[in-house]
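J.: After the structure tokens below, expect a handful of questions from me.
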Amino acid sequence: MQRLSLPWLIVLGVIGLGLALLPYQFETSTYVVQMFMQAVTYAIAVLGMVVVLGYTGQINLAQAAFFGFGAYGVALGTVSGDINFWISLGLGVGAATIAGLALGMTTIRLGGHYLAMITISFQQIFDLVLTNWIEVTHGPDGIAGIPRPSLFGYELEDDRAYLLFCAIVLYLLMFAVWWLPNTRLGRAMRSVRENQLAAEVVGVHTLRTKVIAFALSALLGAIGGGLYAGGFAYISPDNFNFMRSVEFLTATLLGGAQSPFGGVIGTVLIVQMPEWLKHLPESLSFIKDVYLAVYGLGVILIMVFLSEGIWGLIKSIRAKFVKPIARTDTTGVKPLDLELQGADAPPLLQVQGLQKFFGGLKAVDGIDIDIQRGTVHALIGPNGSGKTTSLNVVSGIYKPTGGKVVLDGEDVSQLQPHQRAGRGVGRTFQNIRLFASLSALENVMVGAQRDNNDVPDGNRGLRERAMSALDFVGMADRAHVIVRNLPYGHQRLVEIARVLAGRPKLLLLDEPAAGLNQTEKGEFVELLKRLRGHGLTIFIIDHDMGLVEKVSDRITVLNFGRKIAEGSPSEVLRNPDVIAAYLGTAGKVN
Amino acid sequence: MRTFTAIAAVVIGAAVHLTAHAQDTIKIGLVNEATGPNAEAGVYTHNGAKLALEEINAAGGVLGKKLELKLEDNQSTNPGTVLAFSKLFGEKGIVATIGPIRSTQVQAASPTIKKAGIPTMIGGTDPSLTKVKNRWLFRGRPSDSYSSKVIADFGVNTLKKQKWAIVHSTDAFGAGGMAALTAALKEHGITPVLVQGYTNNSQDFTPVVLAIKKSGADIIGSYMTNSPDVGIFAKQLRQLGINAEWVGSPSVVTDTAMKLAGPALNGVYGIADFTPDASDESKGYSKKYRETYKQLDPDVYSSWAYDALKILALAINTAKSTDPEAIRKAVVGIKGYKGVEGTYTFDDNGDGLRGYNVVKNDAGKVSFIKHIDFKE
Amino acid sequence: MQILFDNLQVLFQGLALGSIYALVALGFVLIIRATNVVNFAQGDFAMLGAYGMVLFFTTLAWPYWLAFGAALVAMAIFGVLFNYGVYYPLRHRSFLPVLISTLGASIFLQNTVLAVFGPQPKPLEKMLNTDGINIGGIFLDSQYLMILIVTVALVAFTYLFFEHTLLGKKLQATSQDKDMARLLGIPVALMISITFVYSAVLGGVAGVLVGPILFVSIGMGSIIALKAFAATIIGGFGDVTGAIVGGLLLGVIESLAAYHISVPYKDAYAFLALFIFLLFRPQGIFGEKVSEKA
């Protein structure tokens, strides 16, 4: 996310204001003013789509319903209820936000296709209620004679004044939406979009993030709808049906879902395109007949060739001329402080009689492990012995079928992964799970913003903490590189920095050396030794016996979901059962 | 940054209009459904208006000038209609407009029309349209309060039926028609034994048909919007053995509905504001329409626009002025003008027609039964 | 007694419409299993099949069964085109771009057909030459009967095909684990193409079956598809049996609720049923618990 300097902001502000004042400077017809009224109010709703779809990656095919909540709030409030415009708007926006919260809550278990279906269902039911509940909604006749508000005693009756007002609202909201990605919430949203599981494990309350995203989307949709109702004085259910939702979606995708500027460009194009077609010469007029077909084809083509929309295209052109920051200035980066545990206290983590069954498959069947503070404890075993399952239960991705996970004396067995992260459990994944389109720094900042992390408030503190973590793994000078563009070994280091930034009490490493070449492996062992030297408590799974032997204080061996051995590396590696388990046959060891 | 440049270009592009027309014609705007789901009706509307335009100009135009038609597409949507009207009103020299045939579109555009103060002929049949304190709307068709009166009158007085079931779509047209028909029956002292709504594009009317069966109705009055619904309902009605009379709003006697339903709609009565062989005027118009547009048959979409343009031309000539107030005065002063839809006598609300034709489906052919007119 | 008959009548209609939902839902599920993508244009497959019939039978006046065959062949070809135009270019992306791409395809297909055939809905001939039979006051429409029969036959065929033929097993293997299938030498891209073909043909059959009842119109597929998708979720996402049972169940719930509660909210019952399932049993009737793998 590029930052804009003050002169640019001033230039933007002047142009924006100039645009909004355009109707005052030139003699424009009502037609132009109304078309822009439509574009501006739709654009506000599309900003909601940017938040929920672009930032958070959740599909929403009910934005027209939220738009409708705002519009009907204003219409019913002012016309039927004779209430002040602003109060009516507030009621509509409030109702939409509650509906958005409810819709967001459904993501608790269901995402993806389910969410598409849920939002469509919501949209359809909304449409049916608008049409059929005639006593309240006036049914398909719609509501006419919606008044315009006054603001601080100034009547916004005039089209141009009202458009100016709507434009200013749009600018303010655009600014807010543009600002959002670099806040805690915005980063949480983007991490959910990039990799929900990783986000949850790193400490992001993913459900809350999604619910907030939906609520914000609903809120923006309803503001747009309310202003629309005031602008056009008449509304009816067919303004708020599924096709309108698809239109909002298309506008978002066409312009570029990940930027408010993109969303606004997309909206203007979608509103304007049919109007432009009217100016086609007679010989090309057949295009009008197939306009909607072309529109459908356009959606496919955007998805295939222009996945980040027009704004993405603009950004990629810009990237050709503006050199990205290759090396980040690392002067003044503070050394990383880690959460250290006194060695004499009781075990940091106690796994007691842990069981995890999948249907009839007993992946983990009653294991006990104590992890002492300040030690490196390795978990090994042949493929399918239950190592990764155990780690998943410890980090909260799976709930245990039986037994307990006790962290620092507290039973955390039923806690969500982000709650455990908030209590100091950090982990990495066997197949690296980074937030691919975020920079290394942003990835690590998400790790730093876990609950209960002792970091000064605000982005500055998070950034400092993240830079320290990156510096610790030797990646500070690559902080501004988008992680997708980093080599595999570096991605691994960023993932570890992400956990370290969260100042974990307990670090869980799931086959961290997998996929590293010999040099990288060597460097990695050094890193582990440094962490161990600092006294961090680490629980590690790996296949590489050499590595495990070098770094660990204690080893637990699993086979078929049960513990078969435990002890110091030298004891365990000489244990005949362990050797047998690894060779697959018992008793043939020389 | 580039965003704003792009938006600026768009704004300026839209603001600069292709205007500058010579002032030697009198311009009337036509808002029709040139694109979108109802595009076909839009073509017919334009056809009808074109026919009237040629006749008017052949007869010397208005106020000694040629009449010119300015088309504006409303994309078959409400917001599109508002935009189309405001675009027309933004152009110089539009003295009157002809609006859409759909009531909700008229509703949507009504504030814009009122603000502009330009006389506008509308085709929407929702009775309230001309009564919403907008003195610039004039209806070129009979309103639904007359369609329901005609249905009730024909059913009660001609067919002699008392036990009514009303079947209606829950959309604007159907719900409005249901309310009006209930009111009209009340004047005959009848309360319907069943009022049954359904949403458009219902796939199965069995529950509706069974409800009619249970109610024991001997006549059905219907306000249905879509032809497929009419077709499905008609088939299931006959399959489940109900032989009650059926008098419906115009949708039951459209070409499409009759094709879809086949014999199931035989013997059904419908009302129509335009019937090709209802009068000498409509016969003449139909002949001319078929000659001009070859394979097309004249229908209400074209006939009402034809009448509407003729009425506006007549009013401007009578007023001897293009001043909106003068045109308005001339339109409401029209009494006994014989159009192809019927005889227009405007009241101060702007309603010109007060009657419908009753037609019958005779094995797939529409035959004219009678014309029923009301004074009020 | 009359009430019982009326209920049976409603039940029969519900089952028949439910069969259509089930057929389209089956097409959904096959594509979901093969590609992990919900095809929003599935309903338009039915629409296209019906228009194919309008073209071959009504316009070109071919004999019924020849026209039927031609329509299905056309659908098969269309299935291949759909795969390569809408799914294949996006196969390595997440589900969202593909889902939106199928949504675009739906808009494209409906409006292309609109431009070619015009907006007027078209009637279509029934399969049999009789209107139906009346059994003790219950009228069984011949087309509804054919819908039930054909659905049962197709479901049986689908089962036999997938469980008892080599090609079917290869298709199953592909849908379960593409990488493994590739290692076993199964041409995965071809298998996915075949899935689209089969799904398009199923959709086409549904369209031809339902055309004489709902008539052939641009939007005929949309509402069926929504219900069919609801059926796949109610039955269990990606579960073949679930799609069939879900479809039938939905048809029956809808008809009975419309008859006993209120007609105008008919469409709402389907969505309401869906909501209830999503809240209390999101995995559907036959589905396994939804959980994400680490």
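Labeling convention for the structure tokens: chains A, B, ... as they appear, residues from 1 per chain, ligands from 1 in order of appearance.
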Give me, as a list in words, the contact residues of chain C against chain A at a cut-off of 7 Å, counting only C-alpha atoms.

T.: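 Using only C-alpha atoms, chain C residues at most 7 Å from chain A: Val38, Val86, Pro89, Leu90, Pro97, Ser101, Gly104, Ala105, Ile107, Phe108, Leu109, Asn111, Thr112, Ala115, Ala268 and Phe271 of chain C.
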
J.: Let's have the selection written as a PDB file, in the first residue's frame, with C-alpha atoms.

T.:
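Final output, saved to part-v1.pdb:
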ATOM      1  CA  VAL C  38     -20.183 -24.122  -7.844  1.00  0.00           C
ATOM      2  CA  VAL C  86     -15.223 -20.502 -18.267  1.00  0.00           C
ATOM      3  CA  PRO C  89      -8.436 -20.672 -17.742  1.00  0.00           C
ATOM      4  CA  LEU C  90      -9.089 -20.200 -14.029  1.00  0.00           C
ATOM      5  CA  PRO C  97     -12.829 -16.039  -9.467  1.00  0.00           C
ATOM      6  CA  SER C 101     -16.783 -16.320 -13.942  1.00  0.00           C
ATOM      7  CA  GLY C 104     -20.720 -13.917 -15.886  1.00  0.00           C
ATOM      8  CA  ALA C 105     -21.337 -16.934 -18.098  1.00  0.00           C
ATOM      9  CA  ILE C 107     -25.522 -13.419 -17.789  1.00  0.00           C
ATOM     10  CA  PHE C 108     -23.832 -13.991 -21.131  1.00  0.00           C
ATOM     11  CA  LEU C 109     -25.861 -17.091 -21.988  1.00  0.00           C
ATOM     12  CA  ASN C 111     -28.689 -12.455 -23.008  1.00  0.00           C
ATOM     13  CA  THR C 112     -27.256 -14.219 -26.019  1.00  0.00           C
ATOM     14  CA  ALA C 115     -30.790 -11.661 -28.664  1.00  0.00           C
ATOM     15  CA  ALA C 268     -39.293 -18.006   0.572  1.00  0.00           C
ATOM     16  CA  PHE C 271     -34.704 -20.344   1.341  1.00  0.00           C
TER      17      PHE C 271
END

J.: Enumerate as number ranges by chain all residues of region 19-228 of chain B assigned to strand (DSSP E) by DSSP on the backbone, naming them with the chain letters and numbers the document uses.

T.: B: 25-32, 66-73, 94-98, 120-122, 137-139, 164-169, 194-198, 219-223

J.: Would you kindly report the residues of chain C within 8 Å of chain B, using only C-alpha atoms, as a list in words?

T.: Asp6, Gln9, Val10, Gln13, Gly118, Pro119, Gln120, Pro121, Lys122, Pro123, Gly137, Ile138, Phe139, Ile213, Leu214, Phe215, Ser255, Ala258, Tyr259, Val263, Pro264, Tyr265 and Lys266 of chain C

J.: Could you write those residues out with N, CA and C atoms, as a PDB file, in the first residue's frame?

T.:
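Result saved to selection13.pdb:
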ATOM      1  N   ASP C   6     -56.569 -33.662  -2.245  1.00  0.00           N
ATOM      2  CA  ASP C   6     -55.901 -32.405  -2.559  1.00  0.00           C
ATOM      3  C   ASP C   6     -54.446 -32.451  -2.113  1.00  0.00           C
ATOM      4  N   GLN C   9     -52.529 -34.530  -4.451  1.00  0.00           N
ATOM      5  CA  GLN C   9     -52.290 -33.782  -5.689  1.00  0.00           C
ATOM      6  C   GLN C   9     -51.098 -32.841  -5.528  1.00  0.00           C
ATOM      7  N   VAL C  10     -51.097 -32.115  -4.423  1.00  0.00           N
ATOM      8  CA  VAL C  10     -50.015 -31.170  -4.158  1.00  0.00           C
ATOM      9  C   VAL C  10     -48.691 -31.914  -4.020  1.00  0.00           C
ATOM     10  N   GLN C  13     -47.325 -32.889  -7.443  1.00  0.00           N
ATOM     11  CA  GLN C  13     -46.693 -31.765  -8.140  1.00  0.00           C
ATOM     12  C   GLN C  13     -45.326 -31.457  -7.515  1.00  0.00           C
ATOM     13  N   GLY C 118     -35.411 -13.779 -28.867  1.00  0.00           N
ATOM     14  CA  GLY C 118     -36.375 -12.775 -28.450  1.00  0.00           C
ATOM     15  C   GLY C 118     -36.934 -13.080 -27.076  1.00  0.00           C
ATOM     16  N   PRO C 119     -37.605 -12.084 -26.484  1.00  0.00           N
ATOM     17  CA  PRO C 119     -38.024 -12.223 -25.093  1.00  0.00           C
ATOM     18  C   PRO C 119     -39.299 -13.048 -24.879  1.00  0.00           C
ATOM     19  N   GLN C 120     -40.055 -13.329 -25.954  1.00  0.00           N
ATOM     20  CA  GLN C 120     -41.318 -14.030 -25.734  1.00  0.00           C
ATOM     21  C   GLN C 120     -41.070 -15.484 -25.329  1.00  0.00           C
ATOM     22  N   PRO C 121     -41.692 -15.941 -24.241  1.00  0.00           N
ATOM     23  CA  PRO C 121     -41.557 -17.349 -23.874  1.00  0.00           C
ATOM     24  C   PRO C 121     -42.201 -18.244 -24.937  1.00  0.00           C
ATOM     25  N   LYS C 122     -41.666 -19.444 -25.070  1.00  0.00           N
ATOM     26  CA  LYS C 122     -42.155 -20.330 -26.125  1.00  0.00           C
ATOM     27  C   LYS C 122     -42.764 -21.602 -25.521  1.00  0.00           C
ATOM     28  N   PRO C 123     -43.832 -22.086 -26.147  1.00  0.00           N
ATOM     29  CA  PRO C 123     -44.384 -23.363 -25.682  1.00  0.00           C
ATOM     30  C   PRO C 123     -43.521 -24.507 -26.216  1.00  0.00           C
ATOM     31  N   GLY C 137     -59.860 -38.362  -9.008  1.00  0.00           N
ATOM     32  CA  GLY C 137     -59.849 -36.936  -8.703  1.00  0.00           C
ATOM     33  C   GLY C 137     -58.454 -36.344  -8.626  1.00  0.00           C
ATOM     34  N   ILE C 138     -57.437 -37.200  -8.682  1.00  0.00           N
ATOM     35  CA  ILE C 138     -56.078 -36.672  -8.734  1.00  0.00           C
ATOM     36  C   ILE C 138     -55.621 -36.713 -10.176  1.00  0.00           C
ATOM     37  N   PHE C 139     -55.220 -35.566 -10.698  1.00  0.00           N
ATOM     38  CA  PHE C 139     -54.808 -35.523 -12.085  1.00  0.00           C
ATOM     39  C   PHE C 139     -53.300 -35.674 -12.182  1.00  0.00           C
ATOM     40  N   ILE C 213     -43.906 -27.565 -19.289  1.00  0.00           N
ATOM     41  CA  ILE C 213     -44.677 -27.155 -18.118  1.00  0.00           C
ATOM     42  C   ILE C 213     -44.452 -25.687 -17.772  1.00  0.00           C
ATOM     43  N   LEU C 214     -43.183 -25.315 -17.621  1.00  0.00           N
ATOM     44  CA  LEU C 214     -42.884 -23.928 -17.243  1.00  0.00           C
ATOM     45  C   LEU C 214     -42.713 -23.041 -18.464  1.00  0.00           C
ATOM     46  N   PHE C 215     -42.756 -23.628 -19.650  1.00  0.00           N
ATOM     47  CA  PHE C 215     -42.495 -22.954 -20.916  1.00  0.00           C
ATOM     48  C   PHE C 215     -41.026 -22.559 -21.004  1.00  0.00           C
ATOM     49  N   SER C 255     -44.247 -27.103  -2.102  1.00  0.00           N
ATOM     50  CA  SER C 255     -45.634 -27.254  -2.533  1.00  0.00           C
ATOM     51  C   SER C 255     -46.580 -27.339  -1.342  1.00  0.00           C
ATOM     52  N   ALA C 258     -46.830 -23.971   0.353  1.00  0.00           N
ATOM     53  CA  ALA C 258     -47.621 -23.033  -0.441  1.00  0.00           C
ATOM     54  C   ALA C 258     -49.106 -23.356  -0.284  1.00  0.00           C
ATOM     55  N   TYR C 259     -49.437 -24.631  -0.280  1.00  0.00           N
ATOM     56  CA  TYR C 259     -50.832 -25.038  -0.172  1.00  0.00           C
ATOM     57  C   TYR C 259     -51.389 -24.737   1.207  1.00  0.00           C
ATOM     58  N   VAL C 263     -49.415 -18.803  -0.530  1.00  0.00           N
ATOM     59  CA  VAL C 263     -48.859 -18.975  -1.878  1.00  0.00           C
ATOM     60  C   VAL C 263     -47.790 -17.926  -2.218  1.00  0.00           C
ATOM     61  N   PRO C 264     -48.038 -16.626  -1.946  1.00  0.00           N
ATOM     62  CA  PRO C 264     -47.058 -15.642  -2.421  1.00  0.00           C
ATOM     63  C   PRO C 264     -45.648 -15.856  -1.863  1.00  0.00           C
ATOM     64  N   TYR C 265     -45.531 -16.458  -0.678  1.00  0.00           N
ATOM     65  CA  TYR C 265     -44.204 -16.643  -0.109  1.00  0.00           C
ATOM     66  C   TYR C 265     -43.576 -17.986  -0.502  1.00  0.00           C
ATOM     67  N   LYS C 266     -44.147 -18.627  -1.528  1.00  0.00           N
ATOM     68  CA  LYS C 266     -43.691 -19.948  -1.940  1.00  0.00           C
ATOM     69  C   LYS C 266     -42.174 -20.046  -2.052  1.00  0.00           C
TER      70      LYS C 266
END

J.: Counting only C-alpha atoms, collect the residues of chain A whose closest atom lies at most 6 Å from chain B, and write them out as a list in words.

T.: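 Result: Ser29, Thr30, Tyr31, Pro140, Asp141 and Tyr234 of chain A.
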
J.: To test your reading of the structure, identify every residue in region 167-277 of chain C that backbone DSSP assigns to helix (DSSP H, G or I), and report it as a PyMOL selection string.

T.: chain C and resi 167-176+178-183+188-214+220-235+240-260+266-277

J.: Filtering to C-alpha atoms, could you give me those residues as a short mmCIF file (atom, residue, chain, number, x, y, z; two decimals), in the first residue's frame?

T.:
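Once everything was written out, this is result29.cif:
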data_model
loop_
_atom_site.label_atom_id
_atom_site.label_comp_id
_atom_site.auth_asym_id
_atom_site.auth_seq_id
_atom_site.Cartn_x
_atom_site.Cartn_y
_atom_site.Cartn_z
CA LEU C 167 -14.64 -44.50 -16.97
CA GLY C 168 -16.94 -43.82 -14.04
CA LYS C 169 -14.31 -44.98 -11.60
CA LYS C 170 -11.69 -42.83 -13.27
CA LEU C 171 -14.05 -39.88 -12.92
CA GLN C 172 -14.50 -40.69 -9.25
CA ALA C 173 -10.79 -40.97 -8.71
CA THR C 174 -10.31 -37.58 -10.36
CA SER C 175 -12.87 -35.94 -8.15
CA GLN C 176 -11.39 -37.42 -5.00
CA LYS C 178 -6.51 -34.98 -8.74
CA ASP C 179 -2.81 -35.41 -7.99
CA MET C 180 -3.21 -39.07 -7.19
CA ALA C 181 -5.32 -39.56 -10.32
CA ARG C 182 -2.60 -37.89 -12.37
CA LEU C 183 0.01 -40.23 -10.90
CA VAL C 188 -7.42 -35.36 -15.43
CA ALA C 189 -8.21 -32.54 -17.88
CA LEU C 190 -10.18 -34.97 -20.03
CA MET C 191 -12.05 -36.30 -17.02
CA ILE C 192 -13.05 -32.78 -16.02
CA SER C 193 -14.20 -32.12 -19.58
CA ILE C 194 -16.32 -35.27 -19.46
CA THR C 195 -17.82 -34.14 -16.18
CA PHE C 196 -18.86 -30.84 -17.73
CA VAL C 197 -20.33 -32.69 -20.69
CA TYR C 198 -22.31 -35.03 -18.48
CA SER C 199 -23.49 -32.18 -16.32
CA ALA C 200 -24.52 -30.11 -19.34
CA VAL C 201 -26.45 -33.04 -20.78
CA LEU C 202 -28.22 -33.61 -17.46
CA GLY C 203 -29.13 -29.93 -17.38
CA GLY C 204 -30.33 -30.16 -20.96
CA VAL C 205 -32.58 -33.12 -20.16
CA ALA C 206 -34.01 -31.19 -17.22
CA GLY C 207 -34.74 -28.28 -19.54
CA VAL C 208 -36.46 -30.41 -22.17
CA LEU C 209 -38.50 -32.12 -19.47
CA VAL C 210 -39.63 -28.96 -17.77
CA GLY C 211 -40.07 -26.85 -20.93
CA PRO C 212 -43.63 -28.03 -21.67
CA ILE C 213 -44.68 -27.15 -18.12
CA LEU C 214 -42.88 -23.93 -17.24
CA MET C 220 -36.44 -20.41 -16.63
CA GLY C 221 -33.09 -21.76 -15.45
CA SER C 222 -32.29 -19.15 -12.83
CA ILE C 223 -34.98 -19.96 -10.32
CA ILE C 224 -34.54 -23.72 -10.82
CA ALA C 225 -30.81 -23.35 -10.26
CA LEU C 226 -31.26 -21.44 -7.02
CA LYS C 227 -33.54 -24.14 -5.69
CA ALA C 228 -31.25 -26.86 -6.96
CA PHE C 229 -28.32 -25.27 -5.23
CA ALA C 230 -30.32 -25.02 -2.03
CA ALA C 231 -31.07 -28.72 -2.55
CA THR C 232 -27.37 -29.59 -2.77
CA ILE C 233 -26.73 -27.87 0.53
CA ILE C 234 -29.75 -29.41 2.22
CA GLY C 235 -28.76 -32.83 0.93
CA VAL C 240 -24.87 -37.33 -4.97
CA THR C 241 -27.58 -39.02 -2.91
CA GLY C 242 -27.98 -35.79 -1.00
CA ALA C 243 -28.65 -33.83 -4.17
CA ILE C 244 -31.47 -36.19 -5.17
CA VAL C 245 -33.06 -36.35 -1.74
CA GLY C 246 -32.53 -32.62 -1.18
CA GLY C 247 -34.20 -31.78 -4.48
CA LEU C 248 -37.22 -33.95 -3.84
CA LEU C 249 -37.53 -32.72 -0.28
CA LEU C 250 -37.38 -29.11 -1.36
CA GLY C 251 -40.04 -29.61 -4.02
CA VAL C 252 -42.37 -31.23 -1.51
CA ILE C 253 -41.75 -28.70 1.27
CA GLU C 254 -42.39 -25.87 -1.14
CA SER C 255 -45.63 -27.25 -2.53
CA LEU C 256 -47.08 -28.29 0.81
CA ALA C 257 -46.15 -25.01 2.46
CA ALA C 258 -47.62 -23.03 -0.44
CA TYR C 259 -50.83 -25.04 -0.17
CA HIS C 260 -51.15 -24.94 3.60
CA LYS C 266 -43.69 -19.95 -1.94
CA ASP C 267 -40.12 -19.13 -2.94
CA ALA C 268 -39.29 -18.01 0.57
CA TYR C 269 -39.94 -21.48 2.02
CA ALA C 270 -37.10 -22.96 0.06
CA PHE C 271 -34.70 -20.34 1.34
CA LEU C 272 -36.10 -20.61 4.83
CA ALA C 273 -35.55 -24.37 4.77
CA LEU C 274 -32.05 -23.67 3.59
CA PHE C 275 -31.41 -21.20 6.41
CA ILE C 276 -32.66 -23.69 8.99
CA PHE C 277 -30.33 -26.35 7.63
#

J.: I'd like the contact shell of Thr191 (chain B) - 12 Å cut-off, only C-alpha atoms, skipping same-chain residues fewer than 4 positions apart - returned as a list in words.

T.: Ala152, Gln162, Lys163, Trp164, Ala165, Ile166, Leu181, Thr182, Ala183, Ala184, Leu185, Lys186, Glu187, Val195 and Ala217 of chain B

J.: Can I get the selected residues back with N, CA and C atoms, as a short mmCIF file (atom, residue, chain, number, x, y, z; two decimals), in the first residue's frame?

T.:
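Below is the file again_31.cif, written as the result:
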data_model
loop_
_atom_site.label_atom_id
_atom_site.label_comp_id
_atom_site.auth_asym_id
_atom_site.auth_seq_id
_atom_site.Cartn_x
_atom_site.Cartn_y
_atom_site.Cartn_z
N ALA B 152 -65.86 -6.40 -13.62
CA ALA B 152 -66.97 -6.65 -12.70
C ALA B 152 -68.31 -6.52 -13.43
N GLN B 162 -72.09 -14.49 -9.68
CA GLN B 162 -72.04 -13.84 -8.37
C GLN B 162 -70.87 -14.28 -7.50
N LYS B 163 -70.42 -15.55 -7.67
CA LYS B 163 -69.38 -16.08 -6.77
C LYS B 163 -68.00 -15.90 -7.40
N TRP B 164 -67.34 -14.85 -6.98
CA TRP B 164 -66.09 -14.43 -7.62
C TRP B 164 -64.85 -14.93 -6.88
N ALA B 165 -63.88 -15.40 -7.64
CA ALA B 165 -62.53 -15.63 -7.10
C ALA B 165 -61.60 -14.67 -7.83
N ILE B 166 -60.79 -13.96 -7.07
CA ILE B 166 -59.83 -13.04 -7.71
C ILE B 166 -58.44 -13.66 -7.60
N LEU B 181 -60.55 -4.28 -8.29
CA LEU B 181 -61.61 -5.21 -8.63
C LEU B 181 -62.47 -5.52 -7.39
N THR B 182 -61.82 -5.65 -6.24
CA THR B 182 -62.57 -5.87 -5.01
C THR B 182 -63.53 -4.70 -4.78
N ALA B 183 -63.01 -3.49 -5.01
CA ALA B 183 -63.85 -2.31 -4.81
C ALA B 183 -65.00 -2.27 -5.82
N ALA B 184 -64.68 -2.63 -7.07
CA ALA B 184 -65.72 -2.58 -8.11
C ALA B 184 -66.82 -3.60 -7.83
N LEU B 185 -66.42 -4.78 -7.33
CA LEU B 185 -67.43 -5.80 -7.02
C LEU B 185 -68.30 -5.35 -5.86
N LYS B 186 -67.71 -4.63 -4.95
CA LYS B 186 -68.45 -4.14 -3.80
C LYS B 186 -69.61 -3.25 -4.25
N GLU B 187 -69.38 -2.48 -5.31
CA GLU B 187 -70.44 -1.63 -5.83
C GLU B 187 -71.62 -2.45 -6.35
N VAL B 195 -59.71 -14.40 -2.56
CA VAL B 195 -58.73 -13.48 -3.15
C VAL B 195 -57.38 -14.16 -2.99
N ALA B 217 -66.11 -21.02 -6.41
CA ALA B 217 -66.35 -19.86 -7.26
C ALA B 217 -66.86 -20.30 -8.63
#

J.: Need the shell around Gly342 (chain B): protein/DNA/RNA residues with any atom at most 9 Å away, counting only C-alpha atoms. Skip same-chain ones fewer than 6 positions apart. Format as an NGL selection string?

T.: :B and (141 or 273-274 or 278-279 or 281-282 or 353-357)

J.: Mind checking which residues fall within 8 Å of Ile540 (chain A), counting only C-alpha atoms, ignoring those fewer than 5 positions away in the same chain, and posting them as a list in words?

T.: Val376, His377, Ala378, Leu379, Leu508, Leu509, Asp510 and Glu511 of chain A
